[in-house]
>>> print(open('query16.cif').read())   # mmCIF, C-alpha atoms
data_entry
loop_
_atom_site.label_atom_id
_atom_site.label_comp_id
_atom_site.auth_asym_id
_atom_site.auth_seq_id
_atom_site.Cartn_x
_atom_site.Cartn_y
_atom_site.Cartn_z
CA MET A 1 -61.90 -38.95 -27.05
CA GLU A 2 -63.55 -40.98 -24.29
CA SER A 3 -64.90 -44.52 -24.46
CA LYS A 4 -68.36 -45.37 -23.22
CA GLY A 5 -68.47 -46.30 -19.57
CA GLU A 6 -65.82 -45.77 -16.94
CA SER A 7 -63.07 -47.95 -18.41
CA LYS A 8 -60.86 -46.86 -21.27
CA THR A 9 -60.32 -48.87 -24.43
CA VAL A 10 -56.86 -50.16 -25.34
CA ALA A 11 -56.35 -51.32 -28.91
CA VAL A 12 -53.49 -53.81 -29.16
CA ILE A 13 -52.17 -54.03 -32.72
CA PHE A 14 -50.14 -57.13 -33.59
CA GLY A 15 -48.69 -59.07 -36.50
CA GLY A 16 -47.74 -56.83 -39.38
CA TYR A 17 -46.13 -56.86 -42.79
CA SER A 18 -42.63 -57.50 -41.42
CA PRO A 19 -40.04 -60.29 -41.15
CA GLU A 20 -40.61 -60.06 -37.39
CA TYR A 21 -44.28 -61.04 -37.67
CA THR A 22 -44.01 -64.20 -35.53
CA VAL A 23 -42.14 -62.34 -32.78
CA SER A 24 -44.98 -59.82 -32.64
CA LEU A 25 -47.57 -62.54 -32.11
CA LYS A 26 -45.79 -63.86 -29.02
CA SER A 27 -45.28 -60.40 -27.51
CA ALA A 28 -48.88 -59.35 -28.15
CA HIS A 29 -50.29 -62.52 -26.60
CA SER A 30 -48.45 -61.80 -23.36
CA ILE A 31 -49.43 -58.14 -23.28
CA ILE A 32 -53.12 -58.83 -23.98
CA ASN A 33 -53.29 -61.34 -21.14
CA ALA A 34 -51.57 -58.91 -18.75
CA ILE A 35 -53.82 -55.88 -19.29
CA ASP A 36 -55.99 -55.13 -16.24
CA ARG A 37 -59.59 -55.75 -17.33
CA ASN A 38 -60.86 -53.82 -14.31
CA LYS A 39 -59.34 -50.68 -15.82
CA TYR A 40 -59.38 -51.28 -19.56
CA GLU A 41 -61.42 -52.84 -22.32
CA VAL A 42 -59.19 -54.56 -24.88
CA VAL A 43 -59.67 -54.47 -28.63
CA MET A 44 -57.43 -56.84 -30.58
CA ILE A 45 -56.38 -55.70 -34.05
CA GLY A 46 -54.39 -58.17 -36.10
CA ILE A 47 -52.50 -57.44 -39.29
CA THR A 48 -51.73 -60.53 -41.36
CA ASN A 49 -48.26 -60.98 -42.82
CA SER A 50 -49.74 -60.00 -46.17
CA GLY A 51 -50.86 -56.66 -44.68
CA ARG A 52 -54.62 -57.24 -44.15
CA TRP A 53 -56.17 -55.54 -41.09
CA HIS A 54 -58.83 -57.25 -38.96
CA ARG A 55 -60.46 -56.84 -35.59
CA TYR A 56 -60.03 -60.20 -33.91
CA TYR A 57 -62.79 -61.61 -31.68
CA GLY A 58 -61.27 -65.00 -30.85
CA PRO A 59 -59.21 -66.15 -27.85
CA ALA A 60 -55.83 -64.53 -27.32
CA ASP A 61 -54.30 -67.99 -26.93
CA ASP A 62 -54.71 -68.55 -30.68
CA ILE A 63 -52.47 -65.61 -31.53
CA PRO A 64 -48.95 -67.06 -30.91
CA SER A 65 -49.55 -70.05 -33.21
CA ASP A 66 -50.79 -67.72 -35.98
CA GLY A 67 -54.20 -69.38 -35.80
CA TRP A 68 -55.96 -66.11 -35.06
CA HIS A 69 -56.93 -65.39 -38.68
CA THR A 70 -57.85 -68.92 -39.85
CA ASP A 71 -61.49 -68.75 -38.74
CA LYS A 72 -63.10 -65.91 -40.68
CA THR A 73 -66.14 -65.85 -38.36
CA ARG A 74 -63.86 -64.38 -35.67
CA LEU A 75 -62.70 -61.53 -37.88
CA ARG A 76 -64.05 -58.23 -39.07
CA GLN A 77 -62.28 -55.92 -41.44
CA ALA A 78 -61.12 -52.92 -39.44
CA PHE A 79 -58.47 -50.22 -39.41
CA ILE A 80 -57.46 -47.06 -37.58
CA SER A 81 -59.05 -44.08 -39.29
CA PRO A 82 -56.70 -41.19 -40.14
CA GLN A 83 -59.61 -38.81 -39.60
CA ARG A 84 -59.21 -36.77 -36.42
CA GLY A 85 -61.21 -38.50 -33.71
CA GLY A 86 -62.04 -41.34 -36.11
CA GLY A 87 -60.92 -44.16 -33.84
CA LEU A 88 -61.28 -47.70 -35.16
CA MET A 89 -63.36 -48.19 -38.29
CA GLU A 90 -64.97 -51.64 -38.23
CA PHE A 91 -67.14 -53.15 -40.96
CA VAL A 92 -70.27 -55.10 -40.01
CA ASP A 93 -72.19 -56.48 -43.01
CA GLU A 94 -70.39 -53.91 -45.17
CA ILE A 95 -71.54 -51.09 -42.92
CA ALA A 96 -68.77 -49.05 -41.28
CA ILE A 97 -69.10 -48.36 -37.58
CA THR A 98 -66.79 -46.30 -35.38
CA VAL A 99 -65.30 -47.88 -32.27
CA PRO A 100 -63.82 -45.27 -29.90
CA VAL A 101 -60.23 -46.04 -28.83
CA ASP A 102 -58.47 -44.26 -25.97
CA VAL A 103 -54.95 -45.59 -26.47
CA VAL A 104 -53.16 -47.80 -28.98
CA PHE A 105 -50.57 -50.34 -27.83
CA PRO A 106 -48.63 -51.22 -31.01
CA VAL A 107 -46.81 -54.54 -30.76
CA LEU A 108 -45.34 -54.48 -34.26
CA HIS A 109 -41.63 -55.21 -34.33
CA GLY A 110 -39.51 -53.95 -37.21
CA ARG A 111 -40.64 -52.31 -40.45
CA TYR A 112 -44.18 -50.95 -40.85
CA GLY A 113 -44.76 -50.79 -37.12
CA GLU A 114 -41.68 -49.84 -35.13
CA ASP A 115 -40.56 -47.32 -37.74
CA GLY A 116 -43.09 -44.56 -37.14
CA THR A 117 -45.74 -45.65 -39.65
CA ILE A 118 -48.38 -46.83 -37.16
CA GLN A 119 -47.44 -44.06 -34.77
CA GLY A 120 -48.01 -41.43 -37.47
CA LEU A 121 -51.40 -42.90 -38.33
CA CYS A 122 -52.46 -42.73 -34.69
CA GLU A 123 -51.16 -39.18 -34.36
CA LEU A 124 -53.32 -38.17 -37.33
CA SER A 125 -56.31 -39.74 -35.59
CA GLY A 126 -55.42 -38.12 -32.27
CA ILE A 127 -55.04 -41.40 -30.37
CA PRO A 128 -52.25 -41.69 -27.77
CA VAL A 129 -49.71 -44.42 -28.49
CA VAL A 130 -47.74 -46.56 -26.04
CA GLY A 131 -44.06 -45.86 -26.63
CA ALA A 132 -42.24 -43.48 -28.94
CA GLY A 133 -44.01 -41.16 -31.36
CA SER A 134 -43.59 -41.18 -35.12
CA ALA A 135 -40.46 -39.02 -35.32
CA ALA A 136 -38.49 -40.87 -32.63
CA SER A 137 -39.63 -44.26 -33.91
CA ALA A 138 -38.42 -43.47 -37.42
CA LEU A 139 -35.15 -42.06 -36.12
CA CYS A 140 -34.39 -45.05 -33.88
CA MET A 141 -35.04 -47.41 -36.80
CA ASP A 142 -32.46 -45.53 -38.89
CA LYS A 143 -29.12 -46.69 -37.50
CA GLU A 144 -27.04 -44.16 -39.44
CA ARG A 145 -28.92 -41.08 -38.25
CA ALA A 146 -29.39 -42.42 -34.73
CA ASN A 147 -25.61 -42.91 -34.48
CA LYS A 148 -24.99 -39.30 -35.46
CA LEU A 149 -27.33 -37.89 -32.80
CA VAL A 150 -26.05 -40.22 -30.09
CA ALA A 151 -22.46 -39.21 -30.87
CA LEU A 152 -23.45 -35.54 -30.58
CA ALA A 153 -24.93 -36.35 -27.16
CA GLY A 154 -21.52 -37.58 -26.03
CA VAL A 155 -21.89 -41.37 -26.24
CA SER A 156 -19.38 -43.25 -28.38
CA VAL A 157 -20.50 -45.09 -31.53
CA PRO A 158 -18.56 -47.71 -33.51
CA LYS A 159 -16.83 -46.50 -36.66
CA SER A 160 -18.94 -47.24 -39.73
CA VAL A 161 -19.66 -46.42 -43.36
CA CYS A 162 -23.07 -46.40 -45.04
CA PHE A 163 -24.19 -46.95 -48.60
CA GLY A 164 -27.59 -45.56 -49.51
CA PHE A 165 -27.51 -47.23 -52.90
CA ALA A 166 -26.14 -50.38 -54.57
CA PRO A 167 -22.41 -49.60 -54.83
CA ALA A 168 -20.11 -51.09 -57.43
CA GLU A 169 -17.78 -53.65 -55.86
CA GLU A 170 -14.74 -51.41 -56.30
CA GLU A 171 -16.49 -48.53 -54.58
CA LEU A 172 -17.74 -50.80 -51.81
CA LEU A 173 -14.30 -52.22 -51.04
CA SER A 174 -12.75 -48.77 -51.14
CA GLY A 175 -15.39 -47.50 -48.72
CA VAL A 176 -14.69 -50.15 -46.08
CA SER A 177 -10.90 -50.00 -46.41
CA GLY A 178 -10.58 -47.79 -43.33
CA LEU A 179 -12.47 -50.20 -41.02
CA LYS A 180 -10.98 -52.81 -38.72
CA PHE A 181 -12.27 -56.36 -39.08
CA PRO A 182 -14.40 -58.10 -38.01
CA VAL A 183 -17.26 -55.86 -39.12
CA PHE A 184 -21.03 -56.18 -39.09
CA VAL A 185 -22.94 -55.61 -42.31
CA LYS A 186 -26.55 -54.70 -41.63
CA PRO A 187 -29.62 -53.03 -43.13
CA VAL A 188 -29.74 -49.43 -41.97
CA ARG A 189 -33.43 -49.85 -41.09
CA GLY A 190 -34.23 -53.23 -39.59
CA GLY A 191 -34.45 -55.24 -36.40
CA SER A 192 -33.86 -58.58 -34.67
CA SER A 193 -30.53 -58.91 -36.52
CA ILE A 194 -32.40 -59.93 -39.68
CA GLY A 195 -30.10 -59.50 -42.68
CA VAL A 196 -27.05 -58.93 -40.48
CA THR A 197 -23.75 -60.70 -41.18
CA LYS A 198 -20.55 -60.75 -39.16
CA VAL A 199 -17.70 -60.52 -41.67
CA GLU A 200 -14.14 -61.52 -40.84
CA ASN A 201 -12.43 -60.55 -44.10
CA VAL A 202 -12.96 -58.09 -46.91
CA ALA A 203 -13.61 -60.76 -49.56
CA ASP A 204 -16.96 -61.60 -47.93
CA ILE A 205 -18.23 -58.00 -47.87
CA PRO A 206 -20.04 -57.98 -51.25
CA GLU A 207 -22.16 -61.05 -50.46
CA ALA A 208 -23.03 -59.68 -46.99
CA VAL A 209 -24.14 -56.39 -48.57
CA ARG A 210 -26.34 -58.25 -51.03
CA LEU A 211 -28.04 -60.05 -48.13
CA ALA A 212 -28.59 -56.81 -46.19
CA ARG A 213 -30.10 -55.11 -49.24
CA ARG A 214 -32.88 -57.69 -49.32
CA TYR A 215 -34.30 -55.88 -46.29
CA ASP A 216 -33.35 -52.26 -46.97
CA ASP A 217 -31.85 -50.21 -49.78
CA ALA A 218 -29.38 -48.61 -47.37
CA VAL A 219 -26.61 -50.69 -45.79
CA MET A 220 -24.26 -49.99 -42.87
CA VAL A 221 -20.85 -51.60 -42.42
CA GLU A 222 -19.80 -51.18 -38.79
CA GLU A 223 -16.69 -52.13 -36.87
CA GLY A 224 -17.11 -54.81 -34.23
CA ILE A 225 -16.21 -53.86 -30.67
CA ASP A 226 -13.92 -56.14 -28.68
CA GLY A 227 -16.02 -56.58 -25.57
CA ILE A 228 -19.53 -57.63 -24.54
CA GLU A 229 -23.03 -56.71 -25.69
CA ILE A 230 -25.20 -55.20 -22.98
CA GLY A 231 -28.68 -53.75 -22.80
CA CYS A 232 -30.66 -51.44 -20.57
CA ALA A 233 -34.43 -51.03 -20.23
CA VAL A 234 -35.61 -47.42 -19.89
CA VAL A 235 -39.15 -46.50 -18.81
CA GLY A 236 -40.66 -43.03 -18.51
CA ASN A 237 -41.49 -39.77 -20.23
CA ARG A 238 -39.92 -36.95 -18.26
CA ASP A 239 -38.66 -38.89 -15.22
CA LEU A 240 -36.79 -42.01 -16.34
CA THR A 241 -36.34 -45.35 -14.60
CA THR A 242 -33.82 -47.95 -15.74
CA GLY A 243 -33.88 -51.68 -15.14
CA ARG A 244 -30.84 -53.73 -14.28
CA VAL A 245 -28.36 -53.98 -17.14
CA ASP A 246 -28.27 -57.31 -18.94
CA GLU A 247 -25.41 -59.04 -20.76
CA ILE A 248 -25.43 -61.27 -23.83
CA GLU A 249 -23.06 -64.22 -23.61
CA VAL A 250 -22.55 -65.73 -27.06
CA ALA A 251 -20.73 -69.05 -27.50
CA SER A 252 -19.67 -68.23 -31.07
CA GLY A 253 -20.57 -65.88 -33.91
CA PHE A 254 -22.95 -63.17 -32.75
CA PHE A 255 -26.42 -62.70 -31.27
CA ASP A 256 -28.31 -63.28 -34.51
CA TYR A 257 -32.05 -63.81 -35.12
CA GLU A 258 -32.00 -67.52 -34.27
CA GLU A 259 -30.06 -67.01 -31.06
CA LYS A 260 -32.25 -64.09 -29.95
CA TYR A 261 -35.35 -66.28 -29.92
CA SER A 262 -33.97 -69.76 -29.21
CA LEU A 263 -30.90 -69.17 -27.00
CA LYS A 264 -29.51 -72.47 -28.26
CA THR A 265 -25.91 -71.57 -27.46
CA SER A 266 -26.29 -68.12 -25.89
CA LYS A 267 -27.15 -66.90 -22.42
CA ILE A 268 -28.64 -63.65 -21.14
CA HIS A 269 -27.37 -62.61 -17.73
CA VAL A 270 -29.65 -60.37 -15.66
CA PRO A 271 -27.96 -58.54 -14.06
CA ALA A 272 -24.87 -58.28 -16.24
CA ARG A 273 -21.60 -59.55 -14.84
CA ILE A 274 -20.18 -56.06 -14.33
CA ASP A 275 -19.41 -54.01 -11.24
CA GLY A 276 -21.81 -51.48 -9.74
CA GLU A 277 -19.95 -48.41 -10.96
CA THR A 278 -19.92 -49.69 -14.53
CA GLU A 279 -23.61 -50.58 -14.37
CA SER A 280 -24.41 -47.04 -13.21
CA ARG A 281 -22.45 -45.60 -16.15
CA VAL A 282 -24.35 -47.85 -18.56
CA GLN A 283 -27.71 -46.82 -17.08
CA GLU A 284 -26.83 -43.13 -17.37
CA ALA A 285 -25.67 -43.64 -20.97
CA ALA A 286 -29.00 -45.37 -21.73
CA LYS A 287 -30.92 -42.38 -20.36
CA THR A 288 -28.78 -39.99 -22.41
CA ILE A 289 -29.46 -42.00 -25.58
CA PHE A 290 -33.20 -42.25 -24.81
CA ARG A 291 -33.46 -38.47 -24.48
CA ALA A 292 -31.19 -37.67 -27.42
CA LEU A 293 -33.37 -39.75 -29.75
CA GLY A 294 -36.61 -38.24 -28.45
CA CYS A 295 -37.96 -41.50 -27.02
CA ARG A 296 -40.82 -41.71 -24.55
CA GLY A 297 -42.68 -44.46 -22.73
CA TYR A 298 -40.11 -47.18 -23.03
CA ALA A 299 -37.19 -48.46 -25.08
CA ARG A 300 -34.44 -51.03 -24.81
CA ILE A 301 -31.07 -49.42 -25.42
CA ASP A 302 -28.47 -51.89 -26.71
CA MET A 303 -24.79 -51.08 -26.25
CA TYR A 304 -21.33 -52.57 -26.25
CA LEU A 305 -18.93 -52.46 -23.32
CA SER A 306 -15.35 -52.67 -24.58
CA LYS A 307 -12.62 -54.51 -22.72
CA GLU A 308 -11.27 -51.09 -21.75
CA GLY A 309 -14.61 -50.18 -20.18
CA GLN A 310 -15.79 -47.77 -22.89
CA ILE A 311 -19.53 -47.73 -23.69
CA PHE A 312 -20.59 -47.78 -27.35
CA PHE A 313 -24.11 -47.32 -28.67
CA LEU A 314 -25.52 -50.20 -30.74
CA GLU A 315 -29.23 -49.40 -31.28
CA ALA A 316 -32.44 -48.27 -29.62
CA ASN A 317 -35.44 -50.63 -29.79
CA THR A 318 -38.66 -48.66 -29.35
CA ILE A 319 -40.86 -51.81 -29.43
CA PRO A 320 -38.61 -54.50 -27.94
CA GLY A 321 -39.59 -58.14 -27.55
CA PHE A 322 -42.18 -58.29 -24.79
CA THR A 323 -42.96 -61.75 -23.49
CA PRO A 324 -42.35 -62.21 -19.75
CA PHE A 325 -39.09 -63.95 -20.71
CA SER A 326 -37.87 -61.23 -23.07
CA GLN A 327 -34.95 -58.99 -22.19
CA PHE A 328 -36.92 -55.84 -21.40
CA PRO A 329 -39.39 -57.30 -18.88
CA ARG A 330 -36.60 -59.34 -17.25
CA MET A 331 -34.48 -56.22 -16.71
CA MET A 332 -37.43 -54.40 -15.15
CA GLY A 333 -38.36 -57.47 -13.14
CA ALA A 334 -34.88 -57.40 -11.63
CA ILE A 335 -35.75 -54.07 -9.93
CA GLY A 336 -39.06 -55.42 -8.67
CA VAL A 337 -41.43 -54.30 -11.46
CA GLY A 338 -43.61 -57.31 -12.33
CA TYR A 339 -44.92 -57.94 -15.83
CA PRO A 340 -48.58 -56.85 -15.30
CA GLU A 341 -47.41 -53.74 -13.44
CA LEU A 342 -45.03 -52.91 -16.29
CA VAL A 343 -47.77 -53.21 -18.92
CA ASP A 344 -50.07 -51.03 -16.79
CA THR A 345 -47.34 -48.42 -16.33
CA LEU A 346 -46.69 -48.17 -20.08
CA ILE A 347 -50.38 -47.62 -20.85
CA GLY A 348 -50.53 -44.96 -18.14
CA LEU A 349 -47.50 -43.19 -19.60
CA ALA A 350 -49.17 -43.07 -23.02
CA LEU A 351 -52.33 -41.57 -21.55
CA SER A 352 -50.25 -38.95 -19.72
CA VAL A 353 -48.78 -37.83 -23.07
CA GLU A 354 -52.34 -37.03 -24.17
CA LYS A 355 -52.46 -34.57 -21.27
CA GLY A 356 -49.08 -33.08 -22.19
CA GLU A 357 -47.50 -34.23 -18.94
CA TRP A 358 -44.34 -35.61 -20.52
CA TYR A 359 -43.18 -32.20 -21.73
CA GLY A 360 -42.98 -30.78 -18.17
#
>>> encode(input="query16.cif", output="structure tokens")
Amino acid sequence: MESKGESKTVAVIFGGYSPEYTVSLKSAHSIINAIDRNKYEVVMIGITNSGRWHRYYGPADDIPSDGWHTDKTRLRQAFISPQRGGGLMEFVDEIAITVPVDVVFPVLHGRYGEDGTIQGLCELSGIPVVGAGSAASALCMDKERANKLVALAGVSVPKSVCFGFAPAEEELLSGVSGLKFPVFVKPVRGGSSIGVTKVENVADIPEAVRLARRYDDAVMVEEGIDGIEIGCAVVGNRDLTTGRVDEIEVASGFFDYEEKYSLKTSKIHVPARIDGETESRVQEAAKTIFRALGCRGYARIDMYLSKEGQIFFLEANTIPGFTPFSQFPRMMGAIGVGYPELVDTLIGLALSVEKGEWYG
């Protein structure tokens, strides 16, 4: 499906019915401003935190403050059509018009965006998507199943138990009896550490599980690793490039939602304070994980590095935070890939998938 004129149309979708709504607004604002207008026309599609879709005609600078949907004259009801070749359906005076879209750049962190839902809708419509497809997105969001595949690929994972239901307290305590404390109790499908609790003793497990189940029916209880948390940016389809490895330094507790987006007591070191040989091992492990989970385009692979030097998989983020100051762009910036170049590369990778080039 081709847009009118020489340039292609990029639809940036932001917001979403997710606890990570505000994070999405900041990432989308940066991406929209970085897209090369000499190559692409930009269509902004906002989803309110109540789940209403609109095409947004106002300034991008009103997106981070959540002011984008306050002036109704700047909005039109619109949504991606599931009909093959349907593109964007936009309503003008209650009349539906079709707006051709060449590629969708979803900037929807967490549930109902990073979990394969938007990706599946675009696949039905036949529109290329920046980043992972529906299957890989859903798999990466599911920590239990992702762990199993990563372990089969030869990368270590922390010991854990999962409960896909609301267990009785006796059953819960019996299930975690074989784990070493501290442990992390987390929703199986979630992001940005929302609903995650670090638990030091077994008595606090039931309350932590109740918190996690606010965000997902399934809950994982995972052993903590004595070491440091590290991350690696991976870019590519067939041929993969990694950024410099970063390191999370946490003063106390763990890298929870507040710390991720405020860094009040935490620091992110780019590059990580590890030797070159260890960094190379981490980068290779990140590539292995990326491929094992069927990712494409880009992903931030989070891991632990134990005090003994063993690498453990933590999670794969298929739509990581994406302001110029976020972890992913900083890791790529450390190898000389600037923010506008990175955004341009990701769009190009999505368009190459349309041609089948990533299967090579």
>>> resolve_selection(input="query16.cif", expression="the PyMOL selection byres ((chain A and resi 26-36) around 10)", output="JSON, numbers by chain")
{"A": [10, 11, 12, 13, 14, 15, 21, 22, 23, 24, 25, 37, 38, 39, 40, 41, 42, 43, 44, 46, 59, 60, 61, 62, 63, 64, 65, 66, 105, 106, 107, 108, 109, 319, 320, 321, 322, 323, 324, 325, 326, 339, 340, 341, 342, 343, 344, 347]}
>>> atom_distance(input="query16.cif", atom1="atom CA of Tyr57 of chain A", atom2="atom CA of Ile80 of chain A")
16.6 Å
>>> resolve_selection(input="query16.cif", expression="the PyMOL selection byres ((chain A and resi 97) around 12)", output="ChimeraX atom specification")
/A:76-81,86-96,98-100
>>> closest_residue(input="query16.cif", among="A:Lys8, A:Lys186, A:His269, A:Arg238", to="Phe290 of chain A", atoms="all atoms listed in the file")
A:Arg238
>>> atom_distance(input="query16.cif", atom1="atom CA of Arg55 of chain A", atom2="atom CA of Ile127 of chain A")
17.2 Å
>>> atom_distance(input="query16.cif", atom1="atom CA of Gly236 of chain A", atom2="atom CA of Gly131 of chain A")
9.2 Å
>>> residues_around(input="query16.cif", residues="Ala233 of chain A", least_positions_apart="3", cutoff="9 Å", atoms="all atoms listed in the file", output="short mmCIF file (atom, residue, chain, number, x, y, z; two decimals) with C-alpha atoms, keeping the file's coordinate frame")
data_model
loop_
_atom_site.label_atom_id
_atom_site.label_comp_id
_atom_site.auth_asym_id
_atom_site.auth_seq_id
_atom_site.Cartn_x
_atom_site.Cartn_y
_atom_site.Cartn_z
CA THR A 241 -36.34 -45.35 -14.60
CA THR A 242 -33.82 -47.95 -15.74
CA GLY A 243 -33.88 -51.68 -15.14
CA ARG A 244 -30.84 -53.73 -14.28
CA VAL A 245 -28.36 -53.98 -17.14
CA ASP A 246 -28.27 -57.31 -18.94
CA GLN A 283 -27.71 -46.82 -17.08
CA ALA A 286 -29.00 -45.37 -21.73
CA TYR A 298 -40.11 -47.18 -23.03
CA ALA A 299 -37.19 -48.46 -25.08
CA ARG A 300 -34.44 -51.03 -24.81
CA ILE A 301 -31.07 -49.42 -25.42
CA ASP A 302 -28.47 -51.89 -26.71
CA GLN A 327 -34.95 -58.99 -22.19
CA PHE A 328 -36.92 -55.84 -21.40
CA PRO A 329 -39.39 -57.30 -18.88
CA MET A 331 -34.48 -56.22 -16.71
CA MET A 332 -37.43 -54.40 -15.15
#
>>> resolve_selection(input="query16.cif", expression="the PyMOL selection byres ((chain A and resi 144) around 12)", output="ChimeraX atom specification")
/A:138-143,145-151,157-164,186-190,218-222,313-316
>>> residues_around(input="query16.cif", residues="segment 200-206 of chain A", least_positions_apart="4", cutoff="7 Å", atoms="all atoms listed in the file", output="number ranges by chain")
A: 169, 181-183, 210
>>> write_last_selection(input="query16.cif", atoms="C-alpha atoms", output="compact mmCIF listing (two decimals), in the frame of the given file")
# COMPACT_ATOMS: atom_id res chain seq x y z
CA GLU A 169 -17.78 -53.65 -55.86
CA PHE A 181 -12.27 -56.36 -39.08
CA PRO A 182 -14.40 -58.10 -38.01
CA VAL A 183 -17.26 -55.86 -39.12
CA ARG A 210 -26.34 -58.25 -51.03
>>> axis_aligned_box(input="query16.cif", around="segment 175-191 of chain A", padding_each_side="6 Å", output="lines of an AutoDock Vina configuration file")
center_x = -22.5
center_y = -52.8
center_z = -42.6
size_x = 35.9
size_y = 22.6
size_z = 24.3
>>> residues_around(input="query16.cif", residues="Leu349 of chain A", least_positions_apart="3", cutoff="6 Å", atoms="all atoms listed in the file", output="VMD selection string")
chain A and resid 297 346 352
>>> closest_residue(input="query16.cif", among="A:Val185, A:Ile311, A:Val129, A:Ala136", to="Val101 of chain A", atoms="all atoms listed in the file")
A:Val129
>>> closest_residue(input="query16.cif", among="A:Tyr112, A:Gln83, A:Asp102, A:Ser137", to="Asn49 of chain A", atoms="all atoms listed in the file")
A:Tyr112
>>> closest_residue(input="query16.cif", among="A:Ala132, A:Leu173, A:Ile335, A:Val209", to="Thr117 of chain A", atoms="all atoms listed in the file")
A:Ala132
>>> closest_residue(input="query16.cif", among="A:Thr288, A:Leu152, A:Gly348, A:Leu75", to="Val104 of chain A", atoms="all atoms listed in the file")
A:Gly348
>>> residues_around(input="query16.cif", residues="Thr197 of chain A", least_positions_apart="2", cutoff="8 Å", atoms="all atoms listed in the file", output="PyMOL selection string")
chain A and resi 184-186+195+199+208+212
>>> closest_residue(input="query16.cif", among="A:Ile194, A:Val337, A:Ser50, A:Val155", to="Arg214 of chain A", atoms="all atoms listed in the file")
A:Ile194
>>> build_atoms(input="query16.cif", residues="segment 221-238 of chain A", atoms="N, CA and C atoms", output="mmCIF file, keeping the file's coordinate frame")
data_model
loop_
_atom_site.group_PDB
_atom_site.id
_atom_site.type_symbol
_atom_site.label_atom_id
_atom_site.label_comp_id
_atom_site.auth_asym_id
_atom_site.auth_seq_id
_atom_site.Cartn_x
_atom_site.Cartn_y
_atom_site.Cartn_z
ATOM 1 N N VAL A 221 -21.957 -50.702 -42.746
ATOM 2 C CA VAL A 221 -20.850 -51.600 -42.420
ATOM 3 C C VAL A 221 -20.170 -51.004 -41.197
ATOM 4 N N GLU A 222 -20.191 -51.736 -40.091
ATOM 5 C CA GLU A 222 -19.800 -51.180 -38.790
ATOM 6 C C GLU A 222 -18.734 -52.048 -38.143
ATOM 7 N N GLU A 223 -17.740 -51.397 -37.577
ATOM 8 C CA GLU A 223 -16.690 -52.130 -36.870
ATOM 9 C C GLU A 223 -17.242 -52.873 -35.662
ATOM 10 N N GLY A 224 -16.770 -54.098 -35.448
ATOM 11 C CA GLY A 224 -17.110 -54.810 -34.230
ATOM 12 C C GLY A 224 -16.309 -54.260 -33.053
ATOM 13 N N ILE A 225 -16.874 -54.332 -31.880
ATOM 14 C CA ILE A 225 -16.210 -53.860 -30.670
ATOM 15 C C ILE A 225 -15.732 -55.075 -29.873
ATOM 16 N N ASP A 226 -14.482 -55.041 -29.468
ATOM 17 C CA ASP A 226 -13.920 -56.140 -28.680
ATOM 18 C C ASP A 226 -14.387 -55.981 -27.241
ATOM 19 N N GLY A 227 -15.453 -56.712 -26.906
ATOM 20 C CA GLY A 227 -16.020 -56.580 -25.570
ATOM 21 C C GLY A 227 -17.295 -57.395 -25.480
ATOM 22 N N ILE A 228 -18.275 -56.907 -24.728
ATOM 23 C CA ILE A 228 -19.530 -57.630 -24.540
ATOM 24 C C ILE A 228 -20.712 -56.770 -24.970
ATOM 25 N N GLU A 229 -21.802 -57.425 -25.362
ATOM 26 C CA GLU A 229 -23.030 -56.710 -25.690
ATOM 27 C C GLU A 229 -23.898 -56.631 -24.449
ATOM 28 N N ILE A 230 -24.380 -55.438 -24.164
ATOM 29 C CA ILE A 230 -25.200 -55.200 -22.980
ATOM 30 C C ILE A 230 -26.451 -54.433 -23.391
ATOM 31 N N GLY A 231 -27.446 -54.470 -22.524
ATOM 32 C CA GLY A 231 -28.680 -53.750 -22.800
ATOM 33 C C GLY A 231 -29.224 -53.121 -21.541
ATOM 34 N N CYS A 232 -30.061 -52.098 -21.725
ATOM 35 C CA CYS A 232 -30.660 -51.440 -20.570
ATOM 36 C C CYS A 232 -32.085 -51.026 -20.918
ATOM 37 N N ALA A 233 -33.029 -51.420 -20.079
ATOM 38 C CA ALA A 233 -34.430 -51.030 -20.230
ATOM 39 C C ALA A 233 -34.624 -49.642 -19.633
ATOM 40 N N VAL A 234 -35.290 -48.773 -20.381
ATOM 41 C CA VAL A 234 -35.610 -47.420 -19.890
ATOM 42 C C VAL A 234 -37.117 -47.237 -19.962
ATOM 43 N N VAL A 235 -37.708 -46.731 -18.886
ATOM 44 C CA VAL A 235 -39.150 -46.500 -18.810
ATOM 45 C C VAL A 235 -39.379 -45.069 -18.329
ATOM 46 N N GLY A 236 -40.303 -44.360 -18.986
ATOM 47 C CA GLY A 236 -40.660 -43.030 -18.510
ATOM 48 C C GLY A 236 -40.855 -42.051 -19.641
ATOM 49 N N ASN A 237 -41.356 -40.884 -19.301
ATOM 50 C CA ASN A 237 -41.490 -39.770 -20.230
ATOM 51 C C ASN A 237 -40.512 -38.678 -19.829
ATOM 52 N N ARG A 238 -40.837 -37.971 -18.765
ATOM 53 C CA ARG A 238 -39.920 -36.950 -18.260
ATOM 54 C C ARG A 238 -38.953 -37.550 -17.245
#
